[in-house]
file my_file_19.txt (compact mmCIF, C-alpha atoms)
# COMPACT_ATOMS: atom_id res chain seq x y z
CA MET Y 1 98.59 123.30 91.86
CA VAL Y 2 100.41 120.44 90.18
CA PRO Y 3 99.61 120.94 86.47
CA TYR Y 4 100.40 117.43 85.23
CA LEU Y 5 97.84 115.93 87.63
CA ASP Y 6 95.01 117.31 85.55
CA GLY Y 7 93.54 114.50 83.50
CA LEU Y 8 95.22 111.75 85.52
CA LYS Y 9 93.61 108.32 85.20
CA LYS Y 10 90.65 108.02 87.59
CA ILE Y 11 91.37 105.31 90.16
CA ASN Y 12 89.81 105.37 93.60
CA THR Y 13 91.63 104.36 96.76
CA ARG Y 14 90.43 103.90 100.30
CA ILE Y 15 92.72 105.98 102.49
CA GLY Y 16 92.83 105.70 106.28
CA GLY Y 17 94.96 108.77 106.81
CA ILE Y 18 97.95 110.84 105.73
CA VAL Y 19 100.84 112.03 107.90
CA ASP Y 20 102.30 115.12 106.27
CA LEU Y 21 105.76 114.90 107.86
CA SER Y 22 107.44 111.92 109.49
CA THR Y 23 111.01 111.37 110.68
CA ILE Y 24 110.49 107.78 111.89
CA ASP Y 25 108.99 105.85 108.99
CA TRP Y 26 112.09 105.91 106.78
CA PRO Y 27 115.46 106.09 108.55
CA SER Y 28 117.36 109.31 107.73
CA ARG Y 29 114.57 110.54 105.44
CA LEU Y 30 111.90 113.18 105.92
CA CYS Y 31 108.76 111.83 104.31
CA SER Y 32 104.99 111.83 104.16
CA VAL Y 33 103.08 108.64 105.00
CA VAL Y 34 99.88 107.45 103.32
CA PHE Y 35 97.85 104.74 105.06
CA PHE Y 36 95.75 102.51 102.81
CA SER Y 37 92.73 100.91 104.47
CA GLY Y 38 92.08 97.18 104.55
CA CYS Y 39 94.20 94.20 105.57
CA ASN Y 40 94.02 90.48 104.81
CA PHE Y 41 95.65 89.49 108.12
CA ARG Y 42 93.91 89.46 111.50
CA CYS Y 43 96.85 89.81 113.86
CA PRO Y 44 95.25 90.31 117.30
CA TYR Y 45 98.12 92.57 118.39
CA CYS Y 46 97.89 94.81 115.30
CA GLN Y 47 98.95 98.34 116.24
CA ASN Y 48 96.67 99.96 113.62
CA GLY Y 49 93.48 98.05 114.28
CA LYS Y 50 91.11 100.52 112.60
CA LEU Y 51 92.97 100.17 109.30
CA VAL Y 52 92.12 96.46 109.05
CA ASP Y 53 88.58 97.39 107.97
CA PRO Y 54 88.54 98.10 104.20
CA ARG Y 55 85.67 100.54 104.74
CA TYR Y 56 87.63 102.73 107.15
CA GLY Y 57 88.67 106.21 106.05
CA LYS Y 58 87.82 108.07 102.86
CA CYS Y 59 87.47 107.01 99.25
CA LEU Y 60 89.76 109.32 97.27
CA GLU Y 61 90.94 109.39 93.69
CA VAL Y 62 94.69 108.96 93.35
CA GLU Y 63 94.80 112.49 91.94
CA GLU Y 64 93.40 113.87 95.20
CA VAL Y 65 95.83 111.81 97.30
CA LEU Y 66 98.68 113.27 95.26
CA ARG Y 67 97.41 116.81 95.75
CA LEU Y 68 97.31 116.26 99.51
CA ILE Y 69 100.86 114.89 99.52
CA MET Y 70 102.17 117.75 97.40
CA ARG Y 71 101.32 120.20 100.17
CA SER Y 72 104.49 118.92 101.86
CA ARG Y 73 106.59 118.74 98.69
CA PRO Y 74 109.03 121.54 99.61
CA LEU Y 75 110.04 119.66 102.77
CA ILE Y 76 109.89 115.95 102.02
CA GLU Y 77 112.27 113.67 100.14
CA GLY Y 78 109.85 110.82 99.74
CA VAL Y 79 106.60 109.09 100.60
CA VAL Y 80 105.93 105.86 102.48
CA ILE Y 81 102.77 103.98 101.51
CA SER Y 82 101.59 101.83 104.38
CA GLY Y 83 98.42 100.35 105.80
CA GLY Y 84 96.60 98.14 106.47
CA GLU Y 85 98.00 96.25 103.51
CA CYS Y 86 98.45 98.64 100.61
CA ALA Y 87 98.95 95.81 98.08
CA LEU Y 88 95.24 94.95 98.40
CA GLN Y 89 94.59 98.05 96.26
CA PRO Y 90 97.10 97.23 93.49
CA GLU Y 91 95.91 99.64 90.80
CA GLY Y 92 95.77 102.62 93.12
CA LEU Y 93 99.10 101.66 94.68
CA ALA Y 94 100.86 101.35 91.32
CA LEU Y 95 99.46 104.62 89.99
CA LEU Y 96 100.35 106.48 93.17
CA CYS Y 97 103.91 105.12 93.10
CA GLN Y 98 104.23 106.01 89.42
CA GLU Y 99 103.12 109.59 89.90
CA LEU Y 100 105.21 110.11 93.03
CA LYS Y 101 108.29 108.97 91.11
CA ARG Y 102 107.28 111.25 88.25
CA ALA Y 103 107.21 114.12 90.74
CA GLY Y 104 110.80 113.39 91.73
CA LEU Y 105 110.06 111.76 95.09
CA ILE Y 106 111.50 108.53 96.40
CA VAL Y 107 108.91 105.90 97.28
CA GLY Y 108 108.74 103.36 100.09
CA VAL Y 109 106.13 100.65 100.61
CA ASP Y 110 105.26 98.79 103.82
CA THR Y 111 103.82 95.30 103.33
CA ASN Y 112 103.03 92.06 105.12
CA GLY Y 113 104.42 90.14 102.15
CA SER Y 114 101.18 88.34 101.30
CA MET Y 115 100.88 89.75 97.76
CA PRO Y 116 104.15 88.89 95.98
CA HIS Y 117 102.66 89.38 92.51
CA VAL Y 118 101.91 93.02 93.37
CA LEU Y 119 105.44 93.55 94.69
CA ASP Y 120 106.83 91.91 91.57
CA GLY Y 121 105.03 94.45 89.37
CA LEU Y 122 106.28 97.41 91.39
CA LEU Y 123 109.84 96.10 91.31
CA ARG Y 124 109.79 95.33 87.59
CA GLU Y 125 108.57 98.83 86.80
CA LYS Y 126 111.09 100.37 89.24
CA LEU Y 127 108.32 102.16 91.11
CA VAL Y 128 109.74 101.65 94.61
CA ASP Y 129 113.05 102.57 96.22
CA ARG Y 130 112.55 100.79 99.51
CA VAL Y 131 110.25 98.12 100.94
CA ALA Y 132 109.67 97.32 104.60
CA ILE Y 133 108.29 93.80 105.04
CA ASP Y 134 106.83 92.40 108.24
CA VAL Y 135 108.14 88.94 109.07
CA LYS Y 136 105.90 88.19 111.99
CA ALA Y 137 107.17 84.78 113.10
CA PRO Y 138 109.22 81.80 111.91
CA LEU Y 139 108.09 80.80 108.43
CA GLU Y 140 106.34 77.64 109.58
CA PRO Y 141 102.66 77.32 108.60
CA LYS Y 142 101.22 76.33 111.99
CA ILE Y 143 103.05 79.11 113.80
CA TYR Y 144 102.38 81.77 111.17
CA GLU Y 145 98.65 81.13 110.84
CA GLU Y 146 98.24 81.52 114.58
CA VAL Y 147 100.30 84.70 114.75
CA VAL Y 148 98.43 86.37 111.85
CA GLY Y 149 94.99 85.13 112.89
CA LEU Y 150 94.24 83.00 109.81
CA PRO Y 151 93.56 79.41 110.92
CA GLY Y 152 94.16 76.80 108.22
CA ARG Y 153 95.85 79.23 105.83
CA GLY Y 154 99.41 79.14 107.14
CA GLY Y 155 100.83 77.25 104.16
CA ASP Y 156 99.59 79.76 101.60
CA VAL Y 157 100.67 82.72 103.71
CA VAL Y 158 104.17 81.38 104.32
CA ARG Y 159 104.67 80.63 100.62
CA SER Y 160 103.64 84.19 99.78
CA VAL Y 161 105.96 85.75 102.35
CA GLU Y 162 108.85 83.55 101.19
CA ARG Y 163 108.21 84.58 97.58
CA SER Y 164 108.09 88.25 98.54
CA LEU Y 165 111.39 87.95 100.41
CA TYR Y 166 112.97 86.24 97.40
CA LEU Y 167 111.84 89.02 95.06
CA LEU Y 168 113.00 91.75 97.40
CA LEU Y 169 116.41 90.25 98.14
CA LYS Y 170 117.25 89.90 94.45
CA SER Y 171 115.92 93.36 93.55
CA GLY Y 172 118.85 95.41 94.83
CA ILE Y 173 116.63 98.00 96.51
CA GLU Y 174 116.65 98.92 100.20
CA VAL Y 175 114.84 96.20 102.17
CA GLU Y 176 113.88 96.49 105.83
CA ALA Y 177 112.50 93.45 107.65
CA ARG Y 178 110.42 94.10 110.75
CA PHE Y 179 109.49 91.91 113.70
CA LEU Y 180 107.08 92.96 116.45
CA ALA Y 181 107.96 91.50 119.86
CA VAL Y 182 104.63 90.75 121.57
CA PRO Y 183 104.63 89.18 125.05
CA ASN Y 184 103.34 85.58 125.10
CA ILE Y 185 103.01 85.58 121.31
CA THR Y 186 106.24 86.46 119.48
CA ASN Y 187 108.62 87.77 122.17
CA ASN Y 188 110.72 84.64 121.83
CA VAL Y 189 114.45 84.11 121.29
CA ASN Y 190 113.90 81.09 119.06
CA TYR Y 191 111.40 82.99 116.91
CA VAL Y 192 113.91 85.79 116.32
CA ARG Y 193 116.67 83.30 115.54
CA GLU Y 194 114.56 81.49 112.94
CA VAL Y 195 113.38 84.74 111.35
CA ALA Y 196 116.96 86.04 111.16
CA LYS Y 197 118.05 82.93 109.26
CA LYS Y 198 115.43 83.59 106.58
CA ILE Y 199 116.18 87.27 106.00
CA ARG Y 200 119.95 87.28 105.53
CA GLY Y 201 120.73 89.91 102.93
CA VAL Y 202 118.21 92.54 104.02
CA THR Y 203 119.43 96.10 104.46
CA ARG Y 204 118.34 96.14 108.09
CA PHE Y 205 116.29 94.19 110.60
CA VAL Y 206 114.16 96.14 113.07
CA ILE Y 207 112.77 94.52 116.21
CA GLN Y 208 109.89 96.63 117.45
CA GLN Y 209 108.41 96.99 120.91
CA PHE Y 210 104.76 96.03 121.33
CA ARG Y 211 102.79 99.03 122.56
CA PRO Y 212 99.61 98.15 124.48
CA GLU Y 213 98.33 101.74 124.28
CA ALA Y 214 98.09 101.49 120.49
CA ASP Y 215 94.87 100.95 118.51
CA LEU Y 216 94.91 97.16 118.97
CA LEU Y 217 92.69 94.85 116.94
CA ASP Y 218 92.11 92.78 120.09
CA PRO Y 219 91.57 95.21 123.00
CA SER Y 220 92.05 92.37 125.53
CA LEU Y 221 95.79 92.57 124.84
CA LYS Y 222 95.97 96.07 126.31
CA GLY Y 223 96.82 94.46 129.64
CA LEU Y 224 100.09 93.04 128.33
CA LYS Y 225 103.30 94.59 129.57
CA PRO Y 226 105.56 95.65 126.68
CA PRO Y 227 108.99 94.02 126.47
CA THR Y 228 111.75 96.11 128.00
CA ARG Y 229 114.57 97.71 126.08
CA GLN Y 230 116.95 95.16 127.61
CA GLU Y 231 114.80 92.30 126.34
CA LEU Y 232 114.81 93.76 122.84
CA LEU Y 233 118.58 94.25 122.97
CA ALA Y 234 118.95 90.56 123.83
CA LEU Y 235 116.78 89.61 120.85
CA ALA Y 236 118.79 91.90 118.60
CA ARG Y 237 122.04 90.23 119.62
CA VAL Y 238 120.55 86.86 118.71
CA ALA Y 239 119.82 88.23 115.23
CA LEU Y 240 123.36 89.61 114.95
CA GLY Y 241 124.64 86.16 115.84
CA GLU Y 242 122.87 84.79 112.75
CA GLY Y 243 124.94 86.99 110.46
CA LEU Y 244 122.75 90.06 110.00
CA SER Y 245 124.85 93.19 109.63
CA ASP Y 246 122.38 95.92 110.65
CA VAL Y 247 120.00 95.14 113.49
CA ARG Y 248 118.01 97.82 115.30
CA ILE Y 249 115.39 98.04 118.01
CA ARG Y 250 112.54 100.52 118.28
CA THR Y 251 111.13 101.45 121.68
CA LYS Y 252 108.77 104.13 122.89
CA GLU Y 253 111.42 105.51 125.23
CA HIS Y 254 114.46 105.63 122.95
CA GLY Y 255 113.13 105.44 119.40
CA LEU Y 256 115.25 103.62 116.81
CA GLU Y 257 118.66 102.38 117.97
CA ARG Y 258 121.27 100.39 116.08
CA VAL Y 259 122.62 97.48 118.11
CA GLU Y 260 126.27 96.50 117.97
CA GLY Y 261 127.45 92.93 118.46

call {"tool": "encode", "arguments": {"input": "my_file_19.txt", "output": "structure tokens"}}
result
Amino acid sequence: MVPYLDGLKKINTRIGGIVDLSTIDWPSRLCSVVFFSGCNFRCPYCQNGKLVDPRYGKCLEVEEVLRLIMRSRPLIEGVVISGGECALQPEGLALLCQELKRAGLIVGVDTNGSMPHVLDGLLREKLVDRVAIDVKAPLEPKIYEEVVGLPGRGGDVVRSVERSLYLLLKSGIEVEARFLAVPNITNNVNYVREVAKKIRGVTRFVIQQFRPEADLLDPSLKGLKPPTRQELLALARVALGEGLSDVRIRTKEHGLERVEG
């Protein structure tokens, strides 16, 4: 039992799942991971396709989510709140972050950067210790709207991602930028170069390997061959050449590796 949870404000969240213990979602930290359901992007290569649907999973009060997390409390240092896009449930997200901090845990949030006003609130209230933001392509409207599956909305999306990056880079917290290398879509040297120019100042930049065996939003992409480790290393060196100090790659075979210049 966690006594102070009794009487907690009643806010419902739609939760797609909870991982009790993870060693990969926050470098050098043992944490739990909470997946919020629902996403406002329609990236065809999405690796968590089921979580795009806001109806997926279970509707739980924040109090119940906290109780489930606290089962791992003796082992974990923190909690990562991911999705989907967790910022689409701003009240539940803020309350969960608040109560996790109150319990003495560090808090990380994964986001696509489309909801800067939600990030701003979390940062102002000092409710997060680390944010991982997906930067999916160069911040050019025509490219971005195609990559995230939102035709005609690229301008709004890019402005939101740029605003989120601005808020994060001036916040002083740990910021991880992520880029998924997808064959024929984003696995492109010029894309990585342009992204790297926009994220100077982040704590780290992680270039991730597309995994066709994942729960893809568009199953037709399962036939794509994932980029090799050597291809990702080449992309990482391009990012290092743009002045980023900590660039890493993540592959199925070798996990997370820091790349030296």

call {"tool": "residues_around", "arguments": {"input": "my_file_19.txt", "residues": "Leu169 (chain Y)", "least_positions_apart": "4", "cutoff": "12 Å", "atoms": "all atoms listed in the file", "output": "list in words"}}
result
Leu119, Asp120, Leu123, Arg130, Val131, Ala132, Ile133, Glu162, Arg163, Ser164, Leu165, Ile173, Glu174, Val175, Glu176, Ala177, Lys198, Ile199, Arg200, Gly201, Val202, Thr203 and Arg204 of chain Y

call {"tool": "residues_around", "arguments": {"input": "my_file_19.txt", "residues": "Thr251 (chain Y)", "least_positions_apart": "6", "cutoff": "9 Å", "atoms": "only C-alpha atoms", "output": "ChimeraX atom specification"}}
result
/Y:207-211,228-229,232,257

call {"tool": "closest_residue", "arguments": {"input": "my_file_19.txt", "among": "Y:Ser245, Y:Gln98, Y:Ser37, Y:Ser114", "to": "Arg153 (chain Y)", "atoms": "all atoms listed in the file"}}
result
Y:Ser114

call {"tool": "closest_residue", "arguments": {"input": "my_file_19.txt", "among": "Y:Arg237, Y:Lys101, Y:Arg258, Y:Lys126", "to": "Gly78 (chain Y)", "atoms": "all atoms listed in the file"}}
result
Y:Lys101

call {"tool": "atom_distance", "arguments": {"input": "my_file_19.txt", "atom1": "CA of Pro227 (chain Y)", "atom2": "CA of Pro183 (chain Y)"}}
result
6.7 Å

call {"tool": "atom_distance", "arguments": {"input": "my_file_19.txt", "atom1": "CA of Val80 (chain Y)", "atom2": "CA of Leu66 (chain Y)"}}
result
12.6 Å

call {"tool": "closest_residue", "arguments": {"input": "my_file_19.txt", "among": "Y:Ala196, Y:Leu30, Y:Cys59, Y:Leu51", "to": "Ile106 (chain Y)", "atoms": "all atoms listed in the file"}}
result
Y:Leu30

call {"tool": "atom_distance", "arguments": {"input": "my_file_19.txt", "atom1": "CA of Asp25 (chain Y)", "atom2": "CA of Gly108 (chain Y)"}}
result
9.2 Å

call {"tool": "closest_residue", "arguments": {"input": "my_file_19.txt", "among": "Y:Leu180, Y:Ile185, Y:Leu105, Y:Leu221", "to": "Ile69 (chain Y)", "atoms": "all atoms listed in the file"}}
result
Y:Leu105

call {"tool": "closest_residue", "arguments": {"input": "my_file_19.txt", "among": "Y:Ser32, Y:Asn187, Y:Arg193, Y:Glu91", "to": "Val19 (chain Y)", "atoms": "all atoms listed in the file"}}
result
Y:Ser32

call {"tool": "residues_around", "arguments": {"input": "my_file_19.txt", "residues": "Leu88 (chain Y)", "least_positions_apart": "5", "cutoff": "10 Å", "atoms": "only C-alpha atoms", "output": "NGL selection string"}}
result
:Y and (36-40 or 54 or 83 or 93 or 111 or 114-115 or 118)

call {"tool": "residues_near_point", "arguments": {"input": "my_file_19.txt", "point": "(91.5, 105.6, 100.8)", "cutoff": "8 Å", "atoms": "only C-alpha atoms", "output": "list in words"}}
result
Asn12, Thr13, Arg14, Ile15, Gly16, Gly17, Phe35, Phe36, Ser37, Tyr56, Gly57, Lys58, Cys59 and Leu60 of chain Y

call {"tool": "closest_residue", "arguments": {"input": "my_file_19.txt", "among": "Y:Gln89, Y:Asn190, Y:Asn112, Y:Ser82", "to": "Ala236 (chain Y)", "atoms": "all atoms listed in the file"}}
result
Y:Asn190
